[in-house]
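Peer 1: My structure is stored as input.txt, with compact mmCIF, N, CA, C and O atoms.
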# COMPACT_ATOMS: atom_id res chain seq x y z
N HIS C 1 126.72 99.90 104.42
CA HIS C 1 126.17 100.93 103.55
C HIS C 1 126.46 102.32 104.13
O HIS C 1 125.56 103.09 104.37
N ASN C 2 127.69 102.63 104.34
CA ASN C 2 128.05 103.91 104.94
C ASN C 2 128.21 105.02 103.91
O ASN C 2 128.37 106.16 104.26
N SER C 3 128.17 104.66 102.62
CA SER C 3 128.35 105.67 101.58
C SER C 3 127.15 106.61 101.55
O SER C 3 126.02 106.21 101.82
N SER C 4 127.41 107.85 101.16
CA SER C 4 126.30 108.80 101.04
C SER C 4 125.60 108.65 99.69
O SER C 4 124.55 109.22 99.48
N VAL C 5 126.19 107.87 98.78
CA VAL C 5 125.59 107.64 97.47
C VAL C 5 125.44 106.13 97.27
O VAL C 5 126.38 105.38 97.45
N VAL C 6 124.23 105.70 96.92
CA VAL C 6 123.97 104.28 96.67
C VAL C 6 123.21 104.13 95.36
O VAL C 6 122.51 105.04 94.94
N GLN C 7 123.37 102.97 94.77
CA GLN C 7 122.64 102.67 93.55
C GLN C 7 121.86 101.39 93.74
O GLN C 7 122.35 100.43 94.33
N PHE C 8 120.63 101.40 93.28
CA PHE C 8 119.84 100.18 93.24
C PHE C 8 119.00 100.25 91.97
O PHE C 8 118.31 101.22 91.71
N GLY C 9 119.15 99.22 91.15
CA GLY C 9 118.48 99.23 89.85
C GLY C 9 118.90 100.46 89.08
O GLY C 9 120.07 100.83 89.07
N PRO C 10 117.94 101.13 88.44
CA PRO C 10 118.27 102.32 87.65
C PRO C 10 118.39 103.60 88.48
O PRO C 10 118.57 104.68 87.93
N TYR C 11 118.29 103.50 89.79
CA TYR C 11 118.28 104.68 90.65
C TYR C 11 119.62 104.89 91.35
O TYR C 11 120.24 103.93 91.81
N ILE C 12 120.03 106.14 91.45
CA ILE C 12 121.19 106.53 92.24
C ILE C 12 120.70 107.57 93.24
O ILE C 12 120.13 108.60 92.85
N VAL C 13 120.91 107.29 94.52
CA VAL C 13 120.44 108.20 95.57
C VAL C 13 121.64 108.82 96.26
O VAL C 13 122.58 108.13 96.64
N ASP C 14 121.60 110.13 96.42
CA ASP C 14 122.61 110.85 97.18
C ASP C 14 121.94 111.35 98.46
O ASP C 14 121.10 112.25 98.43
N PHE C 15 122.28 110.70 99.57
CA PHE C 15 121.64 111.01 100.85
C PHE C 15 122.03 112.38 101.39
O PHE C 15 121.26 113.00 102.10
N LEU C 16 123.22 112.84 101.07
CA LEU C 16 123.64 114.16 101.55
C LEU C 16 122.99 115.29 100.78
O LEU C 16 122.68 116.34 101.33
N LYS C 17 122.80 115.10 99.48
CA LYS C 17 122.20 116.14 98.64
C LYS C 17 120.68 116.04 98.57
O LYS C 17 120.04 116.89 97.95
N ASN C 18 120.10 114.99 99.17
CA ASN C 18 118.64 114.78 99.10
C ASN C 18 118.17 114.75 97.66
O ASN C 18 117.24 115.47 97.27
N GLU C 19 118.84 113.92 96.85
CA GLU C 19 118.39 113.80 95.47
C GLU C 19 118.51 112.37 94.98
O GLU C 19 119.28 111.57 95.51
N ILE C 20 117.69 112.08 93.97
CA ILE C 20 117.69 110.77 93.35
C ILE C 20 117.84 110.99 91.85
O ILE C 20 117.33 111.97 91.30
N GLN C 21 118.57 110.09 91.22
CA GLN C 21 118.81 110.20 89.78
C GLN C 21 118.31 108.94 89.11
O GLN C 21 118.49 107.83 89.60
N LYS C 22 117.65 109.14 87.97
CA LYS C 22 117.21 108.01 87.15
C LYS C 22 117.34 108.43 85.69
O LYS C 22 116.83 109.49 85.31
N ASP C 23 118.00 107.61 84.91
CA ASP C 23 118.18 107.87 83.48
C ASP C 23 118.77 109.26 83.23
O ASP C 23 118.37 109.97 82.30
N GLY C 24 119.74 109.66 84.07
CA GLY C 24 120.41 110.94 83.89
C GLY C 24 119.64 112.15 84.36
O GLY C 24 120.13 113.27 84.28
N LYS C 25 118.43 111.96 84.87
CA LYS C 25 117.64 113.08 85.38
C LYS C 25 117.70 113.08 86.90
O LYS C 25 117.61 112.04 87.53
N PHE C 26 117.84 114.26 87.46
CA PHE C 26 117.93 114.42 88.91
C PHE C 26 116.60 114.93 89.46
O PHE C 26 115.98 115.81 88.87
N TYR C 27 116.21 114.37 90.60
CA TYR C 27 114.99 114.78 91.27
C TYR C 27 115.31 115.08 92.72
O TYR C 27 115.97 114.29 93.39
N GLU C 28 114.85 116.24 93.18
CA GLU C 28 115.08 116.63 94.57
C GLU C 28 114.12 115.86 95.47
O GLU C 28 112.95 115.67 95.15
N LEU C 29 114.64 115.39 96.59
CA LEU C 29 113.83 114.68 97.58
C LEU C 29 113.63 115.55 98.80
O LEU C 29 114.49 116.36 99.15
N GLU C 30 112.50 115.38 99.44
CA GLU C 30 112.31 116.00 100.74
C GLU C 30 113.17 115.23 101.73
O GLU C 30 113.37 114.02 101.57
N PRO C 31 113.70 115.89 102.76
CA PRO C 31 114.53 115.18 103.74
C PRO C 31 113.85 113.93 104.31
O PRO C 31 114.50 112.91 104.54
N ILE C 32 112.55 113.99 104.53
CA ILE C 32 111.83 112.84 105.09
C ILE C 32 111.88 111.68 104.11
O ILE C 32 112.04 110.52 104.48
N GLN C 33 111.75 111.97 102.81
CA GLN C 33 111.82 110.92 101.79
C GLN C 33 113.22 110.29 101.76
O GLN C 33 113.35 109.08 101.63
N THR C 34 114.22 111.13 101.90
CA THR C 34 115.60 110.62 101.93
C THR C 34 115.79 109.68 103.11
O THR C 34 116.39 108.61 102.98
N ARG C 35 115.26 110.05 104.28
CA ARG C 35 115.40 109.20 105.46
C ARG C 35 114.66 107.88 105.29
O ARG C 35 115.15 106.83 105.70
N ILE C 36 113.49 107.91 104.64
CA ILE C 36 112.75 106.67 104.39
C ILE C 36 113.53 105.76 103.45
O ILE C 36 113.69 104.56 103.72
N ILE C 37 114.03 106.31 102.35
CA ILE C 37 114.80 105.51 101.40
C ILE C 37 116.03 104.92 102.08
O ILE C 37 116.35 103.74 101.89
N LYS C 38 116.72 105.72 102.87
CA LYS C 38 117.92 105.23 103.55
C LYS C 38 117.58 104.09 104.50
O LYS C 38 118.29 103.08 104.54
N LEU C 39 116.50 104.22 105.23
CA LEU C 39 116.08 103.17 106.15
C LEU C 39 115.76 101.89 105.39
O LEU C 39 116.19 100.80 105.78
N PHE C 40 115.01 102.00 104.28
CA PHE C 40 114.70 100.83 103.47
C PHE C 40 115.97 100.19 102.92
O PHE C 40 116.10 98.98 102.88
N PHE C 41 116.90 101.02 102.48
CA PHE C 41 118.14 100.49 101.93
C PHE C 41 118.96 99.76 102.99
O PHE C 41 119.49 98.69 102.76
N GLU C 42 119.05 100.34 104.17
CA GLU C 42 119.82 99.74 105.26
C GLU C 42 119.19 98.45 105.77
O GLU C 42 119.86 97.63 106.38
N HIS C 43 117.89 98.28 105.56
CA HIS C 43 117.17 97.09 106.04
C HIS C 43 116.51 96.37 104.88
O HIS C 43 115.37 95.92 104.98
N ALA C 44 117.24 96.25 103.78
CA ALA C 44 116.67 95.71 102.54
C ALA C 44 116.08 94.31 102.70
O ALA C 44 115.12 93.97 102.03
N ASP C 45 116.63 93.51 103.57
CA ASP C 45 116.16 92.13 103.72
C ASP C 45 115.20 91.96 104.90
O ASP C 45 114.96 90.83 105.33
N GLN C 46 114.68 93.06 105.40
CA GLN C 46 113.84 92.99 106.60
C GLN C 46 112.47 93.62 106.34
O GLN C 46 112.35 94.54 105.54
N LEU C 47 111.49 93.13 107.05
CA LEU C 47 110.17 93.73 107.03
C LEU C 47 110.16 94.84 108.08
O LEU C 47 110.50 94.60 109.25
N LEU C 48 109.78 96.04 107.67
CA LEU C 48 109.75 97.16 108.59
C LEU C 48 108.31 97.51 108.91
O LEU C 48 107.48 97.65 108.02
N THR C 49 108.01 97.68 110.18
CA THR C 49 106.67 98.05 110.60
C THR C 49 106.50 99.57 110.55
O THR C 49 107.48 100.33 110.56
N ARG C 50 105.26 100.01 110.51
CA ARG C 50 105.01 101.46 110.58
C ARG C 50 105.57 102.01 111.88
O ARG C 50 106.08 103.12 111.92
N LYS C 51 105.45 101.25 112.95
CA LYS C 51 105.96 101.70 114.25
C LYS C 51 107.46 101.96 114.17
O LYS C 51 107.95 102.99 114.65
N HIS C 52 108.20 101.04 113.55
CA HIS C 52 109.65 101.23 113.42
C HIS C 52 109.95 102.44 112.54
O HIS C 52 110.82 103.26 112.87
N LEU C 53 109.24 102.57 111.41
CA LEU C 53 109.42 103.73 110.55
C LEU C 53 109.20 105.02 111.32
O LEU C 53 109.98 105.96 111.22
N LYS C 54 108.10 105.07 112.08
CA LYS C 54 107.78 106.27 112.85
C LYS C 54 108.89 106.59 113.85
O LYS C 54 109.32 107.74 113.96
N GLU C 55 109.37 105.59 114.55
CA GLU C 55 110.41 105.81 115.56
C GLU C 55 111.71 106.31 114.94
O GLU C 55 112.38 107.17 115.51
N VAL C 56 112.08 105.79 113.78
CA VAL C 56 113.36 106.15 113.18
C VAL C 56 113.26 107.42 112.35
O VAL C 56 114.10 108.31 112.46
N VAL C 57 112.23 107.52 111.53
CA VAL C 57 112.13 108.63 110.58
C VAL C 57 111.52 109.88 111.22
O VAL C 57 112.03 110.98 111.06
N TRP C 58 110.44 109.71 111.96
CA TRP C 58 109.73 110.85 112.52
C TRP C 58 110.05 111.11 113.98
O TRP C 58 109.62 112.11 114.54
N LYS C 59 110.74 110.19 114.61
CA LYS C 59 111.13 110.30 116.01
C LYS C 59 109.94 110.63 116.90
O LYS C 59 109.04 109.84 117.01
N ASP C 60 109.92 111.79 117.53
CA ASP C 60 108.85 112.12 118.49
C ASP C 60 107.68 112.86 117.86
O ASP C 60 106.75 113.25 118.56
N GLN C 61 107.71 113.09 116.56
CA GLN C 61 106.61 113.80 115.90
C GLN C 61 105.38 112.91 115.81
O GLN C 61 105.50 111.71 115.62
N GLU C 62 104.24 113.52 115.94
CA GLU C 62 102.99 112.79 115.76
C GLU C 62 102.71 112.68 114.27
O GLU C 62 102.77 113.67 113.55
N ILE C 63 102.42 111.48 113.82
CA ILE C 63 102.10 111.26 112.42
C ILE C 63 101.14 110.08 112.32
O ILE C 63 101.28 109.10 113.05
N SER C 64 100.17 110.21 111.44
CA SER C 64 99.17 109.15 111.29
C SER C 64 99.69 108.07 110.34
O SER C 64 100.56 108.33 109.51
N PRO C 65 99.15 106.86 110.47
CA PRO C 65 99.54 105.80 109.53
C PRO C 65 99.29 106.18 108.08
O PRO C 65 100.07 105.84 107.20
N ARG C 66 98.22 106.94 107.81
CA ARG C 66 97.94 107.41 106.43
C ARG C 66 99.05 108.31 105.93
O ARG C 66 99.42 108.25 104.76
N SER C 67 99.56 109.18 106.79
CA SER C 67 100.63 110.09 106.40
C SER C 67 101.92 109.31 106.12
O SER C 67 102.66 109.66 105.19
N ILE C 68 102.18 108.29 106.91
CA ILE C 68 103.35 107.45 106.66
C ILE C 68 103.20 106.79 105.30
O ILE C 68 104.13 106.82 104.48
N ASP C 69 102.02 106.22 105.02
CA ASP C 69 101.78 105.59 103.71
C ASP C 69 101.97 106.58 102.57
O ASP C 69 102.54 106.26 101.53
N ALA C 70 101.48 107.80 102.75
CA ALA C 70 101.58 108.83 101.71
C ALA C 70 103.04 109.16 101.41
O ALA C 70 103.42 109.31 100.25
N GLN C 71 103.85 109.29 102.46
CA GLN C 71 105.27 109.59 102.25
C GLN C 71 105.99 108.44 101.56
O GLN C 71 106.85 108.65 100.71
N ILE C 72 105.64 107.21 101.90
CA ILE C 72 106.25 106.06 101.25
C ILE C 72 105.87 106.04 99.77
O ILE C 72 106.70 105.76 98.91
N SER C 73 104.63 106.35 99.47
CA SER C 73 104.17 106.37 98.07
C SER C 73 104.93 107.37 97.23
O SER C 73 105.22 107.13 96.07
N LYS C 74 105.25 108.52 97.83
CA LYS C 74 106.01 109.55 97.10
C LYS C 74 107.36 109.01 96.71
O LYS C 74 107.91 109.30 95.70
Since I need it in another form, could you write the structure as structure tokens?
Peer 2:
Amino acid sequence: HNSSVVQFGPYIVDFLKNEIQKDGKFYELEPIQTRIIKLFFEHADQLLTRKHLKEVVWKDQEISPRSIDAQISK
């Protein structure tokens, strides 16, 4: 999955532009949201823990489990 653009179902995600498209409409993503989607896409067949998400997406930043859940919900 090295492409900067991927499609899954009705969604097209452009990781470089931080945007997602559905039904011809474009929506801007926050960089953190783009990193979460990319991680989920790269590990589609795997269960990801909050700890793994924190290490990959937020690196050394402090973030609460509630904040991680909130970003995933977005």
Peer 1: Please indicate the distance in Å from atom C of Ser73 (chain C) to CA of Asp60 (chain C), rounded to one decimal place.
Peer 2: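 Rounded to one decimal, the two atoms are 22.1 Å apart.
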Peer 1: Could you work out how far CA of Ser4 (chain C) lies from atom N of Leu16 (chain C), giving the answer in Å with one decimal?
Peer 2: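 It comes out at 5.1 Å.
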Peer 1: Pick out the closest residue to Val57 (chain C) from this set: C:Ala44, C:Lys17, C:Ala70, C:Ile36. Count only N, CA, C and O atoms.
Peer 2: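 Of C:Ala44, C:Lys17, C:Ala70, C:Ile36, the one nearest Val57 (chain C) is C:Ile36, counting only N, CA, C and O atoms.
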Peer 1: Once DSSP has gone over the backbone, tell me which residues of chain C are in helix (DSSP H, G or I), as a short mmCIF file (atom, residue, chain, number, x, y, z; two decimals) with N, CA, C and O atoms, keeping the file's coordinate frame.
Peer 2:
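Writing done, so here's states-v1.cif:
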data_model
loop_
_atom_site.label_atom_id
_atom_site.label_comp_id
_atom_site.auth_asym_id
_atom_site.auth_seq_id
_atom_site.Cartn_x
_atom_site.Cartn_y
_atom_site.Cartn_z
N PRO C 31 113.70 115.89 102.76
CA PRO C 31 114.53 115.18 103.74
C PRO C 31 113.85 113.93 104.31
O PRO C 31 114.50 112.91 104.54
N ILE C 32 112.55 113.99 104.53
CA ILE C 32 111.83 112.84 105.09
C ILE C 32 111.88 111.68 104.11
O ILE C 32 112.04 110.52 104.48
N GLN C 33 111.75 111.97 102.81
CA GLN C 33 111.82 110.92 101.79
C GLN C 33 113.22 110.29 101.76
O GLN C 33 113.35 109.08 101.63
N THR C 34 114.22 111.13 101.90
CA THR C 34 115.60 110.62 101.93
C THR C 34 115.79 109.68 103.11
O THR C 34 116.39 108.61 102.98
N ARG C 35 115.26 110.05 104.28
CA ARG C 35 115.40 109.20 105.46
C ARG C 35 114.66 107.88 105.29
O ARG C 35 115.15 106.83 105.70
N ILE C 36 113.49 107.91 104.64
CA ILE C 36 112.75 106.67 104.39
C ILE C 36 113.53 105.76 103.45
O ILE C 36 113.69 104.56 103.72
N ILE C 37 114.03 106.31 102.35
CA ILE C 37 114.80 105.51 101.40
C ILE C 37 116.03 104.92 102.08
O ILE C 37 116.35 103.74 101.89
N LYS C 38 116.72 105.72 102.87
CA LYS C 38 117.92 105.23 103.55
C LYS C 38 117.58 104.09 104.50
O LYS C 38 118.29 103.08 104.54
N LEU C 39 116.50 104.22 105.23
CA LEU C 39 116.08 103.17 106.15
C LEU C 39 115.76 101.89 105.39
O LEU C 39 116.19 100.80 105.78
N PHE C 40 115.01 102.00 104.28
CA PHE C 40 114.70 100.83 103.47
C PHE C 40 115.97 100.19 102.92
O PHE C 40 116.10 98.98 102.88
N PHE C 41 116.90 101.02 102.48
CA PHE C 41 118.14 100.49 101.93
C PHE C 41 118.96 99.76 102.99
O PHE C 41 119.49 98.69 102.76
N GLU C 42 119.05 100.34 104.17
CA GLU C 42 119.82 99.74 105.26
C GLU C 42 119.19 98.45 105.77
O GLU C 42 119.86 97.63 106.38
N ARG C 50 105.26 100.01 110.51
CA ARG C 50 105.01 101.46 110.58
C ARG C 50 105.57 102.01 111.88
O ARG C 50 106.08 103.12 111.92
N LYS C 51 105.45 101.25 112.95
CA LYS C 51 105.96 101.70 114.25
C LYS C 51 107.46 101.96 114.17
O LYS C 51 107.95 102.99 114.65
N HIS C 52 108.20 101.04 113.55
CA HIS C 52 109.65 101.23 113.42
C HIS C 52 109.95 102.44 112.54
O HIS C 52 110.82 103.26 112.87
N LEU C 53 109.24 102.57 111.41
CA LEU C 53 109.42 103.73 110.55
C LEU C 53 109.20 105.02 111.32
O LEU C 53 109.98 105.96 111.22
N LYS C 54 108.10 105.07 112.08
CA LYS C 54 107.78 106.27 112.85
C LYS C 54 108.89 106.59 113.85
O LYS C 54 109.32 107.74 113.96
N GLU C 55 109.37 105.59 114.55
CA GLU C 55 110.41 105.81 115.56
C GLU C 55 111.71 106.31 114.94
O GLU C 55 112.38 107.17 115.51
N VAL C 56 112.08 105.79 113.78
CA VAL C 56 113.36 106.15 113.18
C VAL C 56 113.26 107.42 112.35
O VAL C 56 114.10 108.31 112.46
N VAL C 57 112.23 107.52 111.53
CA VAL C 57 112.13 108.63 110.58
C VAL C 57 111.52 109.88 111.22
O VAL C 57 112.03 110.98 111.06
N TRP C 58 110.44 109.71 111.96
CA TRP C 58 109.73 110.85 112.52
C TRP C 58 110.05 111.11 113.98
O TRP C 58 109.62 112.11 114.54
N PRO C 65 99.15 106.86 110.47
CA PRO C 65 99.54 105.80 109.53
C PRO C 65 99.29 106.18 108.08
O PRO C 65 100.07 105.84 107.20
N ARG C 66 98.22 106.94 107.81
CA ARG C 66 97.94 107.41 106.43
C ARG C 66 99.05 108.31 105.93
O ARG C 66 99.42 108.25 104.76
N SER C 67 99.56 109.18 106.79
CA SER C 67 100.63 110.09 106.40
C SER C 67 101.92 109.31 106.12
O SER C 67 102.66 109.66 105.19
N ILE C 68 102.18 108.29 106.91
CA ILE C 68 103.35 107.45 106.66
C ILE C 68 103.20 106.79 105.30
O ILE C 68 104.13 106.82 104.48
N ASP C 69 102.02 106.22 105.02
CA ASP C 69 101.78 105.59 103.71
C ASP C 69 101.97 106.58 102.57
O ASP C 69 102.54 106.26 101.53
N ALA C 70 101.48 107.80 102.75
CA ALA C 70 101.58 108.83 101.71
C ALA C 70 103.04 109.16 101.41
O ALA C 70 103.42 109.31 100.25
N GLN C 71 103.85 109.29 102.46
CA GLN C 71 105.27 109.59 102.25
C GLN C 71 105.99 108.44 101.56
O GLN C 71 106.85 108.65 100.71
N ILE C 72 105.64 107.21 101.90
CA ILE C 72 106.25 106.06 101.25
C ILE C 72 105.87 106.04 99.77
O ILE C 72 106.70 105.76 98.91
N SER C 73 104.63 106.35 99.47
CA SER C 73 104.17 106.37 98.07
C SER C 73 104.93 107.37 97.23
O SER C 73 105.22 107.13 96.07
#
Peer 1: Based on DSSP run over this structure's backbone, return all residues of chain C in strand (DSSP E or B), as an MDAnalysis selection string.
Peer 2: chainID C and resid 5:8 11:14 19:22 25:28
Peer 1: Return the single residue from C:Asp45, C:Pro65, C:Tyr27, C:Lys74 that is closest to Val13 (chain C), with distances computed using all atoms listed in the file.
Peer 2: C:Tyr27
Peer 1: I'd like the neighbourhood of Ile72 (chain C) as a count of residues only, where a residue qualifies if any of its atoms comes within 8 Å (using all atoms listed in the file), though same-chain residues fewer than 3 positions away should be ignored.
Peer 2: 9
Peer 1: To one decimal place in Å, what is the distance between atom O of Gln61 (chain C) and CA of Ile20 (chain C)?
Peer 2: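 These two atoms are separated by 25.4 Å.
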Peer 1: Which residues are near region 39-41 of chain C? Cut-off 12 Å, only C-alpha atoms, ignore same chain within fewer than 3 positions. Put them as a PyMOL selection string.
Peer 2: chain C and resi 1-8+12-13+15+32-36+44-49+52-58+72
Peer 1: Could the centre and edge lengths of an axis-aligned box, enclosing all atoms of region 65-72 of chain C in the file with 8 Å extra on each side, be given in Å to one decimal as AutoDock Vina command-line options?
Peer 2:
--center_x 102.4 --center_y 107.8 --center_z 104.7 --size_x 24.9 --size_y 20.5 --size_z 27.6
Peer 1: Closest to Ile63 (chain C) among C:Gly9, C:Glu42, C:Lys22, C:Arg50, using all atoms listed in the file?
Peer 2: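 Among the listed residues, the smallest separation from Ile63 (chain C) belongs to C:Arg50.
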